[in-house]
>>> print(open('work.txt').read())   # compact mmCIF, C-alpha atoms and all ligand atoms
# COMPACT_ATOMS: atom_id res chain seq x y z
CA MET A 1 -10.69 22.06 -3.73
CA LEU A 2 -7.97 22.18 -1.06
CA ASN A 3 -4.48 23.54 -1.78
CA PHE A 4 -1.94 20.91 -2.75
CA ASP A 5 1.62 20.18 -3.87
CA PHE A 6 2.06 17.41 -6.41
CA TYR A 7 5.50 15.92 -7.03
CA ASN A 8 6.22 12.51 -8.49
CA PRO A 9 9.54 11.92 -10.29
CA THR A 10 9.29 8.11 -10.73
CA ARG A 11 9.77 6.88 -14.30
CA ILE A 12 7.37 4.06 -15.17
CA LEU A 13 8.45 1.34 -17.61
CA PHE A 14 5.20 -0.48 -18.29
CA GLY A 15 4.71 -3.65 -20.33
CA LYS A 16 6.01 -7.04 -21.41
CA ASP A 17 9.60 -8.17 -21.95
CA ARG A 18 11.33 -4.98 -20.88
CA ILE A 19 13.71 -6.26 -18.19
CA ASP A 20 16.81 -5.49 -20.25
CA GLU A 21 15.80 -1.81 -20.37
CA ILE A 22 16.41 -1.30 -16.64
CA SER A 23 20.10 -1.06 -17.49
CA ASN A 24 19.43 2.25 -19.30
CA HIS A 25 18.38 3.84 -16.03
CA ILE A 26 21.22 2.73 -13.72
CA PRO A 27 24.69 4.33 -13.91
CA SER A 28 27.01 2.01 -15.85
CA ASN A 29 29.64 2.02 -13.10
CA ALA A 30 27.19 1.48 -10.21
CA LYS A 31 27.78 -1.23 -7.64
CA VAL A 32 24.29 -2.69 -7.23
CA LEU A 33 22.59 -4.51 -4.35
CA ILE A 34 19.53 -6.50 -5.46
CA THR A 35 16.98 -6.77 -2.64
CA TYR A 36 14.24 -9.42 -2.63
CA GLY A 37 11.84 -11.30 -0.39
CA GLY A 38 11.33 -14.86 0.75
CA GLY A 39 12.47 -16.41 -2.48
CA SER A 40 9.65 -16.33 -5.07
CA ALA A 41 11.72 -14.11 -7.37
CA LYS A 42 14.73 -16.35 -6.97
CA LYS A 43 12.81 -19.55 -7.67
CA ASN A 44 11.07 -18.31 -10.79
CA GLY A 45 14.31 -17.07 -12.33
CA LEU A 46 13.56 -13.35 -12.17
CA ILE A 47 16.67 -12.49 -10.14
CA ASP A 48 18.88 -14.20 -12.73
CA LYS A 49 17.22 -12.23 -15.55
CA ILE A 50 17.83 -8.99 -13.66
CA LYS A 51 21.47 -9.87 -13.01
CA ASN A 52 21.81 -10.57 -16.69
CA ALA A 53 20.28 -7.19 -17.53
CA LEU A 54 22.79 -5.47 -15.23
CA GLY A 55 25.63 -6.70 -17.45
CA LYS A 56 29.16 -6.01 -16.23
CA ARG A 57 28.21 -4.07 -13.10
CA ILE A 58 29.26 -5.55 -9.76
CA VAL A 59 26.07 -7.02 -8.28
CA LEU A 60 25.41 -8.30 -4.73
CA GLU A 61 22.19 -9.81 -3.42
CA PHE A 62 20.21 -9.42 -0.21
CA GLY A 63 17.25 -11.83 0.13
CA GLY A 64 14.92 -12.62 3.01
CA ILE A 65 12.97 -9.37 3.36
CA GLU A 66 9.80 -10.67 4.99
CA ALA A 67 6.19 -9.49 4.56
CA ASN A 68 5.71 -6.41 6.76
CA PRO A 69 9.47 -5.82 6.64
CA HIS A 70 11.28 -5.70 9.94
CA PHE A 71 13.75 -3.08 11.08
CA GLU A 72 16.24 -5.75 12.21
CA THR A 73 16.25 -7.53 8.84
CA LEU A 74 16.72 -4.27 6.96
CA MET A 75 19.59 -3.17 9.18
CA LYS A 76 21.52 -6.23 7.97
CA ALA A 77 21.24 -4.85 4.44
CA VAL A 78 22.29 -1.40 5.70
CA ASP A 79 25.53 -3.01 6.97
CA ILE A 80 26.19 -4.45 3.50
CA VAL A 81 25.53 -1.10 1.80
CA ARG A 82 28.04 0.62 4.09
CA LYS A 83 30.70 -2.10 3.98
CA GLU A 84 30.50 -2.67 0.25
CA ASN A 85 29.98 0.95 -0.79
CA ILE A 86 26.82 0.10 -2.68
CA ASP A 87 25.58 2.94 -4.84
CA PHE A 88 22.34 1.61 -6.33
CA LEU A 89 19.58 -0.59 -4.88
CA MET A 90 17.43 -2.77 -7.13
CA ALA A 91 14.25 -3.88 -5.32
CA VAL A 92 12.49 -6.96 -6.74
CA GLY A 93 9.14 -7.80 -5.15
CA GLY A 94 5.92 -6.42 -3.69
CA GLY A 95 5.27 -3.68 -1.17
CA SER A 96 7.33 -5.28 1.57
CA VAL A 97 10.54 -5.49 -0.47
CA ILE A 98 10.06 -2.03 -1.98
CA ASP A 99 9.25 -0.44 1.40
CA GLY A 100 12.20 -2.23 2.95
CA THR A 101 14.49 -0.94 0.20
CA LYS A 102 13.29 2.62 0.80
CA PHE A 103 14.24 2.21 4.44
CA ILE A 104 17.69 0.84 3.48
CA SER A 105 18.16 3.82 1.17
CA ILE A 106 17.39 6.30 3.96
CA ALA A 107 19.08 4.44 6.83
CA SER A 108 22.46 3.70 5.22
CA TYR A 109 23.82 7.21 5.74
CA TYR A 110 21.24 8.59 8.19
CA LYS A 111 22.94 11.07 10.50
CA GLY A 112 21.40 9.97 13.81
CA ASN A 113 20.19 6.77 15.44
CA THR A 114 18.44 4.75 12.70
CA GLU A 115 15.54 3.86 15.03
CA ASN A 116 14.59 7.54 14.92
CA ILE A 117 13.64 7.11 11.23
CA LEU A 118 10.48 5.43 12.57
CA LYS A 119 9.55 8.42 14.73
CA TYR A 120 8.58 11.02 12.12
CA GLY A 121 5.01 9.70 11.86
CA PHE A 122 3.28 11.18 8.84
CA SER A 123 5.79 14.08 8.59
CA LEU A 124 8.34 14.07 5.79
CA ILE A 125 11.91 13.14 6.77
CA PRO A 126 13.99 16.22 5.85
CA LYS A 127 16.44 15.89 2.96
CA ASP A 128 19.40 16.80 5.18
CA ALA A 129 18.62 14.05 7.74
CA ALA A 130 21.01 11.75 5.87
CA GLU A 131 24.46 12.42 4.41
CA LYS A 132 23.16 10.81 1.22
CA TYR A 133 20.30 8.60 0.05
CA ILE A 134 21.02 5.52 -2.06
CA PRO A 135 19.10 5.78 -5.33
CA PHE A 136 16.98 2.74 -6.21
CA GLY A 137 14.73 1.23 -8.84
CA THR A 138 12.03 -1.42 -8.52
CA VAL A 139 10.78 -4.43 -10.45
CA LEU A 140 7.23 -4.97 -9.21
CA THR A 141 5.92 -8.52 -8.72
CA LEU A 142 2.76 -7.84 -6.68
CA PRO A 143 0.34 -5.02 -7.56
CA ALA A 144 -1.09 -3.81 -4.24
CA SER A 145 0.79 -1.26 -2.16
CA GLY A 146 1.46 1.44 -4.76
CA SER A 147 4.94 1.73 -3.20
CA GLU A 148 6.52 1.45 -6.67
CA MET A 149 5.30 4.96 -7.52
CA ASN A 150 5.27 6.80 -4.21
CA SER A 151 7.60 8.00 -1.48
CA GLY A 152 6.14 6.13 1.50
CA ALA A 153 7.04 2.95 3.34
CA VAL A 154 5.68 1.03 6.31
CA ILE A 155 8.26 -0.61 8.57
CA SER A 156 7.63 -3.07 11.41
CA HIS A 157 9.49 -2.72 14.69
CA GLY A 158 8.60 -4.29 18.04
CA ASP A 159 4.82 -4.37 18.34
CA GLY A 160 4.11 -1.67 15.75
CA LYS A 161 4.10 -0.74 12.05
CA PHE A 162 5.47 2.73 11.40
CA PRO A 163 5.08 5.05 8.39
CA VAL A 164 8.27 6.42 6.81
CA LEU A 165 7.80 9.27 4.33
CA SER A 166 10.53 11.09 2.42
CA GLU A 167 10.80 12.86 -0.91
CA MET A 168 14.08 10.99 -1.27
CA ALA A 169 12.15 7.69 -1.22
CA PHE A 170 10.67 7.86 -4.71
CA PRO A 171 12.05 5.07 -6.91
CA GLN A 172 14.15 6.37 -9.83
CA PHE A 173 12.18 3.97 -12.02
CA SER A 174 9.74 1.10 -11.68
CA LEU A 175 9.34 -1.72 -14.15
CA LEU A 176 5.70 -2.79 -14.23
CA ASP A 177 5.46 -5.97 -16.29
CA PRO A 178 2.06 -7.57 -15.65
CA ALA A 179 3.47 -10.96 -16.72
CA LEU A 180 5.81 -10.91 -13.69
CA THR A 181 2.71 -11.25 -11.50
CA TYR A 182 1.53 -14.53 -13.09
CA THR A 183 3.20 -16.63 -10.38
CA LEU A 184 1.24 -14.94 -7.57
CA PRO A 185 -0.92 -17.19 -5.40
CA ALA A 186 -4.63 -16.28 -5.88
CA ILE A 187 -4.88 -14.94 -2.34
CA GLN A 188 -2.08 -12.40 -2.98
CA ALA A 189 -3.76 -11.24 -6.19
CA ALA A 190 -6.99 -10.79 -4.21
CA ASN A 191 -5.09 -8.92 -1.49
CA GLY A 192 -3.79 -6.62 -4.22
CA ILE A 193 -7.27 -5.74 -5.48
CA VAL A 194 -8.54 -5.06 -1.95
CA ASP A 195 -5.52 -2.95 -0.91
CA THR A 196 -5.87 -0.84 -4.05
CA PHE A 197 -9.63 -0.45 -3.55
CA VAL A 198 -9.11 0.80 0.00
CA HIS A 199 -6.29 3.18 -1.00
CA VAL A 200 -8.85 4.83 -3.28
CA THR A 201 -11.78 4.88 -0.84
CA GLU A 202 -9.53 6.50 1.79
CA GLN A 203 -9.04 9.45 -0.55
CA TYR A 204 -12.64 9.50 -1.80
CA LEU A 205 -15.10 8.55 0.97
CA THR A 206 -14.64 11.65 3.13
CA TYR A 207 -16.55 14.93 2.60
CA PRO A 208 -17.04 16.83 -0.67
CA VAL A 209 -14.67 19.69 -1.57
CA LYS A 210 -15.71 19.96 -5.23
CA GLY A 211 -12.69 17.94 -6.37
CA LEU A 212 -14.70 16.89 -9.39
CA LEU A 213 -11.79 15.45 -11.37
CA GLN A 214 -10.31 13.63 -8.35
CA ASP A 215 -13.73 12.05 -7.71
CA ARG A 216 -14.00 10.86 -11.30
CA ILE A 217 -10.45 9.43 -11.21
CA ALA A 218 -11.26 7.64 -7.93
CA GLU A 219 -14.50 6.26 -9.35
CA GLY A 220 -12.67 5.21 -12.53
CA ILE A 221 -10.19 3.14 -10.54
CA LEU A 222 -12.91 1.61 -8.32
CA LEU A 223 -15.03 0.68 -11.37
CA THR A 224 -11.98 -0.83 -13.08
CA LEU A 225 -11.18 -2.94 -10.01
CA ILE A 226 -14.78 -4.17 -9.85
CA GLU A 227 -14.65 -4.99 -13.57
CA ILE A 228 -11.37 -6.92 -13.58
CA GLY A 229 -10.96 -8.03 -9.95
CA LYS A 230 -12.44 -11.51 -10.23
CA THR A 231 -10.64 -12.24 -13.50
CA SER A 232 -7.31 -11.07 -12.13
CA VAL A 233 -7.70 -13.51 -9.23
CA THR A 234 -9.07 -16.53 -11.09
CA GLU A 235 -7.17 -16.22 -14.39
CA PRO A 236 -3.60 -15.41 -13.33
CA GLU A 237 -2.29 -15.34 -16.90
CA ASN A 238 -4.98 -13.04 -18.27
CA TYR A 239 -2.64 -10.23 -19.39
CA ASP A 240 -5.32 -7.59 -19.85
CA ALA A 241 -6.84 -8.12 -16.41
CA ARG A 242 -3.40 -8.08 -14.78
CA ALA A 243 -2.32 -5.02 -16.77
CA ASN A 244 -5.32 -3.06 -15.54
CA HIS A 245 -4.82 -4.40 -12.01
CA VAL A 246 -1.16 -3.29 -12.01
CA TRP A 247 -1.80 0.21 -13.35
CA SER A 248 -4.76 0.74 -11.00
CA SER A 249 -2.57 -0.15 -8.01
CA SER A 250 0.18 2.25 -8.99
CA LEU A 251 -2.18 5.14 -9.77
CA ALA A 252 -4.23 4.66 -6.59
CA LEU A 253 -1.45 5.84 -4.30
CA CYS A 254 0.85 7.96 -6.47
CA GLY A 255 -0.61 11.26 -5.24
CA ILE A 256 -3.05 11.99 -8.05
CA VAL A 257 -6.23 10.67 -6.42
CA GLY A 258 -5.47 12.43 -3.14
CA ALA A 259 -4.37 15.81 -4.54
CA GLY A 260 -6.57 18.57 -3.10
CA VAL A 261 -9.05 16.31 -1.29
CA PRO A 262 -9.36 15.23 2.38
CA LYS A 263 -8.05 11.82 3.41
CA ASP A 264 -9.20 9.31 5.98
CA LEU A 265 -6.41 6.84 6.80
CA ALA A 266 -8.31 5.27 9.73
CA THR A 267 -8.82 1.94 7.96
CA HIS A 268 -5.08 1.57 7.34
CA ILE A 269 -4.08 2.77 10.79
CA ILE A 270 -6.43 0.36 12.58
CA GLY A 271 -5.46 -2.36 10.07
CA HIS A 272 -1.75 -1.93 10.80
CA GLU A 273 -2.37 -2.61 14.51
CA ILE A 274 -4.34 -5.76 13.59
CA THR A 275 -1.43 -7.02 11.46
CA ALA A 276 1.09 -6.18 14.19
CA SER A 277 -1.07 -7.89 16.86
CA PHE A 278 -2.27 -11.01 15.03
CA GLY A 279 -0.19 -11.35 11.84
CA ILE A 280 -3.15 -11.05 9.45
CA ASP A 281 -2.15 -9.95 5.90
CA HIS A 282 -2.30 -6.17 5.33
CA ALA A 283 -5.15 -6.20 2.77
CA GLN A 284 -7.21 -8.65 4.83
CA THR A 285 -7.21 -6.26 7.79
CA LEU A 286 -8.53 -3.56 5.45
CA ALA A 287 -11.31 -5.86 4.19
CA VAL A 288 -12.34 -6.37 7.81
CA VAL A 289 -12.20 -2.71 8.88
CA LEU A 290 -13.54 -0.77 5.86
CA PRO A 291 -17.17 -2.03 5.67
CA SER A 292 -17.63 -1.72 9.44
CA MET A 293 -15.97 1.69 9.52
CA LEU A 294 -18.30 2.96 6.79
CA LYS A 295 -21.29 1.64 8.72
CA ILE A 296 -20.30 3.28 12.00
CA ARG A 297 -19.29 6.55 10.30
CA LYS A 298 -22.05 6.78 7.69
CA ASP A 299 -23.51 10.03 9.03
CA LYS A 300 -20.11 11.78 8.75
CA LYS A 301 -19.61 10.51 5.20
CA LYS A 302 -23.20 10.75 4.00
CA GLU A 303 -22.75 12.86 0.87
CA LYS A 304 -19.80 10.95 -0.52
CA LEU A 305 -21.37 7.59 0.38
CA LEU A 306 -24.47 8.55 -1.62
CA GLN A 307 -22.27 9.53 -4.58
CA TYR A 308 -20.38 6.21 -4.20
CA ALA A 309 -23.65 4.27 -4.12
CA GLU A 310 -24.96 5.96 -7.26
CA ARG A 311 -21.84 6.25 -9.39
CA VAL A 312 -19.86 3.16 -8.42
CA TRP A 313 -22.59 0.64 -7.57
CA ASN A 314 -25.40 2.11 -9.66
CA ILE A 315 -27.86 1.86 -6.76
CA LYS A 316 -31.19 3.53 -7.42
CA GLU A 317 -33.10 3.09 -4.12
CA VAL A 318 -35.31 6.00 -3.18
CA LYS A 319 -34.26 6.39 0.44
CA ASP A 320 -30.76 7.69 1.20
CA GLU A 321 -30.32 5.34 4.14
CA ASP A 322 -31.10 2.30 1.96
CA LYS A 323 -28.73 3.45 -0.78
CA ILE A 324 -25.85 3.79 1.68
CA ASP A 325 -26.52 0.47 3.40
CA LYS A 326 -26.66 -1.27 0.07
CA ALA A 327 -23.38 0.30 -1.10
CA ILE A 328 -21.65 -0.89 2.09
CA ASP A 329 -23.09 -4.40 1.61
CA LYS A 330 -21.88 -4.40 -2.02
CA THR A 331 -18.39 -3.43 -0.88
CA ARG A 332 -18.28 -6.34 1.57
CA GLU A 333 -19.69 -8.75 -1.06
CA PHE A 334 -17.04 -7.64 -3.55
CA PHE A 335 -14.19 -8.41 -1.14
CA GLU A 336 -15.79 -11.77 -0.25
CA SER A 337 -16.24 -12.61 -3.95
CA LEU A 338 -12.46 -12.40 -4.34
CA GLY A 339 -11.97 -14.92 -1.53
CA ILE A 340 -11.11 -12.37 1.18
CA LYS A 341 -12.95 -12.78 4.49
CA THR A 342 -14.37 -9.61 6.00
CA ARG A 343 -15.07 -10.65 9.62
CA LEU A 344 -12.49 -10.73 12.42
CA SER A 345 -14.00 -13.96 13.79
CA LYS A 346 -13.24 -15.69 10.48
CA TYR A 347 -9.55 -15.03 11.14
CA GLY A 348 -9.87 -16.69 14.56
CA ILE A 349 -9.94 -13.40 16.50
CA LYS A 350 -12.19 -13.21 19.58
CA LYS A 351 -14.03 -10.18 20.93
CA GLU A 352 -11.85 -10.28 24.08
CA GLN A 353 -8.79 -9.58 21.87
CA ILE A 354 -10.11 -6.23 20.58
CA PRO A 355 -8.84 -4.22 23.60
CA LEU A 356 -5.24 -5.18 22.68
CA VAL A 357 -5.64 -3.39 19.33
CA ILE A 358 -7.16 -0.36 21.07
CA GLU A 359 -4.30 -0.24 23.59
CA ARG A 360 -1.76 -0.27 20.76
CA LEU A 361 -3.59 2.50 18.90
CA LYS A 362 -3.32 4.59 22.08
CA GLU A 363 0.32 3.62 22.63
CA HIS A 364 1.13 4.82 19.09
CA GLY A 365 -0.79 8.10 19.51
CA MET A 366 -3.53 7.09 17.04
CA THR A 367 -6.38 8.58 19.04
CA ALA A 368 -7.80 11.28 16.71
CA LEU A 369 -8.22 9.53 13.36
CA SER A 370 -10.17 10.25 10.16
CA GLU A 371 -10.69 13.26 7.89
CA THR A 372 -12.34 15.06 10.81
CA HIS A 373 -9.89 13.93 13.53
CA ASP A 374 -12.72 12.83 15.80
CA LEU A 375 -12.42 9.07 15.49
CA THR A 376 -11.46 8.22 19.08
CA PRO A 377 -10.31 4.86 20.48
CA ASP A 378 -13.90 4.25 21.69
CA ILE A 379 -15.12 4.54 18.11
CA SER A 380 -12.27 2.28 16.87
CA GLN A 381 -13.50 -0.23 19.46
CA LYS A 382 -17.08 0.03 18.10
CA ILE A 383 -15.80 -0.47 14.54
CA LEU A 384 -13.93 -3.63 15.51
CA GLU A 385 -16.93 -4.97 17.47
CA GLU A 386 -19.07 -4.34 14.38
CA ALA A 387 -16.42 -6.23 12.36
CA MET A 388 -16.61 -9.41 14.50
O1 LIG A 401 8.71 -12.86 -0.35
P1 LIG A 401 8.37 -13.62 -1.58
O2 LIG A 401 8.88 -15.01 -1.59
O3 LIG A 401 8.69 -12.87 -2.84
O4 LIG A 401 6.75 -13.81 -1.54
C1 LIG A 401 5.89 -12.72 -1.50
C2 LIG A 401 5.19 -12.58 -0.14
O5 LIG A 401 5.13 -13.81 0.53
C3 LIG A 401 4.73 -13.02 -2.42
N1 LIG A 401 4.97 -12.60 -3.79
C4 LIG A 401 5.22 -11.35 -4.26
N2 LIG A 401 5.30 -11.35 -5.60
C5 LIG A 401 5.14 -12.64 -6.00
C6 LIG A 401 4.95 -13.44 -4.85
N3 LIG A 401 4.76 -14.77 -4.92
C7 LIG A 401 4.76 -15.34 -6.13
N4 LIG A 401 4.92 -14.63 -7.28
C8 LIG A 401 5.10 -13.28 -7.26
N5 LIG A 401 5.18 -12.60 -8.41
O6 LIG A 401 3.65 -12.31 -1.89
C9 LIG A 401 3.76 -12.23 -0.48
C10 LIG A 401 3.36 -10.86 0.01
O7 LIG A 401 4.28 -9.89 -0.46
P2 LIG A 401 4.27 -8.41 0.15
O8 LIG A 401 5.30 -7.64 -0.54
O9 LIG A 401 4.31 -8.49 1.65
O10 LIG A 401 2.80 -7.91 -0.23
P3 LIG A 401 2.24 -6.48 -0.57
O11 LIG A 401 2.71 -6.01 -1.89
O12 LIG A 401 0.79 -6.58 -0.32
O13 LIG A 401 2.92 -5.50 0.50
C11 LIG A 401 2.45 -5.42 1.82
C12 LIG A 401 3.27 -4.38 2.54
O14 LIG A 401 3.09 -3.10 1.94
C13 LIG A 401 2.83 -2.13 2.96
C14 LIG A 401 2.05 -2.94 3.95
O15 LIG A 401 1.97 -2.30 5.21
C15 LIG A 401 2.82 -4.24 3.99
O16 LIG A 401 3.93 -4.13 4.85
N6 LIG A 401 2.17 -0.96 2.37
C16 LIG A 401 2.94 -0.01 1.80
C17 LIG A 401 2.41 1.14 1.26
C18 LIG A 401 3.24 2.16 0.62
N7 LIG A 401 4.54 2.02 0.63
O17 LIG A 401 2.75 3.16 0.10
C19 LIG A 401 0.96 1.41 1.32
C20 LIG A 401 0.14 0.21 1.62
O18 LIG A 401 -1.03 0.62 2.25
C21 LIG A 401 0.76 -0.78 2.52
O19 LIG A 401 0.54 -0.35 3.84
ZN ZN A 402 -2.55 -0.51 1.87
>>> encode(input="work.txt", output="structure tokens")
Amino acid sequence: MLNFDFYNPTRILFGKDRIDEISNHIPSNAKVLITYGGGSAKKNGLIDKIKNALGKRIVLEFGGIEANPHFETLMKAVDIVRKENIDFLMAVGGGSVIDGTKFISIASYYKGNTENILKYGFSLIPKDAAEKYIPFGTVLTLPASGSEMNSGAVISHGDGKFPVLSEMAFPQFSLLDPALTYTLPAIQAANGIVDTFVHVTEQYLTYPVKGLLQDRIAEGILLTLIEIGKTSVTEPENYDARANHVWSSSLALCGIVGAGVPKDLATHIIGHEITASFGIDHAQTLAVVLPSMLKIRKDKKKEKLLQYAERVWNIKEVKDEDKIDKAIDKTREFFESLGIKTRLSKYGIKKEQIPLVIERLKEHGMTALSETHDLTPDISQKILEEAM
């Protein structure tokens, strides 16, 4: 097993009818800014319930955080935080709102030019980079990103999506009420299953380091997603399916699965360029890239792919090659069974558009990807051609 640090201070409030309890975790004299997205939380009455739970505190609202949250939008909230002396942020939404709120927290009193927050790459932003960080909590409405229980965010700016990582970006608490996800359109629920699945495979389908427990946790989450995925998408008010979906999403990217094992973020990194170039939903880019990436890289990942085939898909073929091919086919079929297309052409993308994605990978320095740092732009090109 590799050396690792594990730190995760986020309090989880899991379960039904607990909105009033958020008040116990926010200072009673705090001036609060509620952040939300395009309006789903406003329309279904959730924002009003949260305001009610906040009682006598002074509460302001900032709506309109779009999917793949944009720097410019978030800077408008930063202005409000500074002008109004906000001292607590309450994020209500999915990954985009939560990521956006993390950025607002960091940017409000950042010491330098706020655009530089997007230049740290996968390095942690130091604690002293800002005069202070605004503490925040989250009420999750879409189980997918895992942002509610981690310290990362992904922010869009110009033609790119940029990671932002800081120990100061852990939520103080996250309310995970599966019933708050009932209003999700089926496609967003399906996106949530796929995103979670890929967060796990990126920390599992690499090379073995005898992380026996991490492997079993990863397999446990993958098996759970396969068991409840279809139900979570087709029966939106099935509490048990949604409860398992929500908890799988949070656990997948909270640091436990990835502790002490290699990671391969290539699927996400290539996927981010596809979203930035063509506007395809985050999880749908992953559904396109992952099966093709596994096919092109199957020699590098042979041992873990065999383990995945046997333990997750229960494949008993005699020949290794057949086992692996079948496991990759099963992965693609699973995504398709949820209503998520896995071919670039099905999203209207043509082969001639692939070089744009490759150029952007190069422009953003993403030229040595994967757990072995040898996934070059030429190989990314092959993966995307395989994904057509
Ligand atoms: O904006 P509203 O009107 O609320 O609608 C949203 C949005 O249109 C809707 N929605 C959310 N909850 C709903 C709902 N509609 C009805 N009922 C509800 N209960 O769903 C749409 C998509 O929301 P979004 O937040 O964009 O989706 P998701 O949670 O998939 O987040 C995607 C973002 O997360 C980033 C992605 O890059 C992308 O920007 N990620 C963040 C990560 C992290 N912080 O660790 C890791 C992930 O890999 C991911 O990259
Ligand atoms: Zn993701």
>>> residues_near_ligand(input="work.txt", ligand="ligand ZN 402 (chain A)", cutoff="10 Å", atoms="all atoms listed in the file", output="PyMOL selection string")
chain A and resi 95+144-147+154+191-192+194-200+202+249+253+265+267-269+271-272+282-286
>>> atom_distance(input="work.txt", atom1="CA of Gln353 (chain A)", atom2="CA of Ile379 (chain A)")
15.9 Å
>>> closest_residue(input="work.txt", among="A:Tyr109, A:Phe4, A:Tyr182, A:Tyr120", to="ligand LIG 401 (chain A)", atoms="only C-alpha atoms and all ligand atoms")
A:Tyr182
>>> closest_residue(input="work.txt", among="A:Val233, A:Leu89, A:Ile187, A:Ala153", to="ligand LIG 401 (chain A)", atoms="all atoms listed in the file")
A:Ala153
>>> residues_around(input="work.txt", residues="Met168 (chain A)", least_positions_apart="4", cutoff="8 Å", atoms="only C-alpha atoms", output="ChimeraX atom specification")
/A:106,127,133,151
>>> residues_around(input="work.txt", residues="Val289 (chain A)", least_positions_apart="5", cutoff="8 Å", atoms="only C-alpha atoms", output="number ranges by chain")
A: 267, 270-271, 342, 383-384, 387
>>> residues_around(input="work.txt", residues="Thr181 (chain A)", least_positions_apart="4", cutoff="8 Å", atoms="all atoms listed in the file", output="list in words")
Thr141, Leu142, Pro143, Asp177, Pro236 and Arg242 of chain A
>>> closest_residue(input="work.txt", among="A:Val78, A:Val92, A:Leu205, A:Ala218", to="ligand LIG 401 (chain A)", atoms="only C-alpha atoms and all ligand atoms")
A:Val92
>>> closest_residue(input="work.txt", among="A:Gln381, A:Ser248, A:Thr35, A:Thr275", to="Ile98 (chain A)", atoms="all atoms listed in the file")
A:Thr35
>>> axis_aligned_box(input="work.txt", around="ligand LIG 401 (chain A)", padding_each_side="6 Å", output="AutoDock Vina command-line options")
--center_x 3.9 --center_y -6.1 --center_z -1.6 --size_x 21.9 --size_y 30.5 --size_z 25.6
>>> closest_residue(input="work.txt", among="A:Ile50, A:Ile26, A:Ile280, A:Ala368", to="ligand LIG 401 (chain A)", atoms="all atoms listed in the file")
A:Ile280
>>> closest_residue(input="work.txt", among="A:Lys42, A:Arg332, A:Lys301, A:Arg57", to="ligand LIG 401 (chain A)", atoms="all atoms listed in the file")
A:Lys42
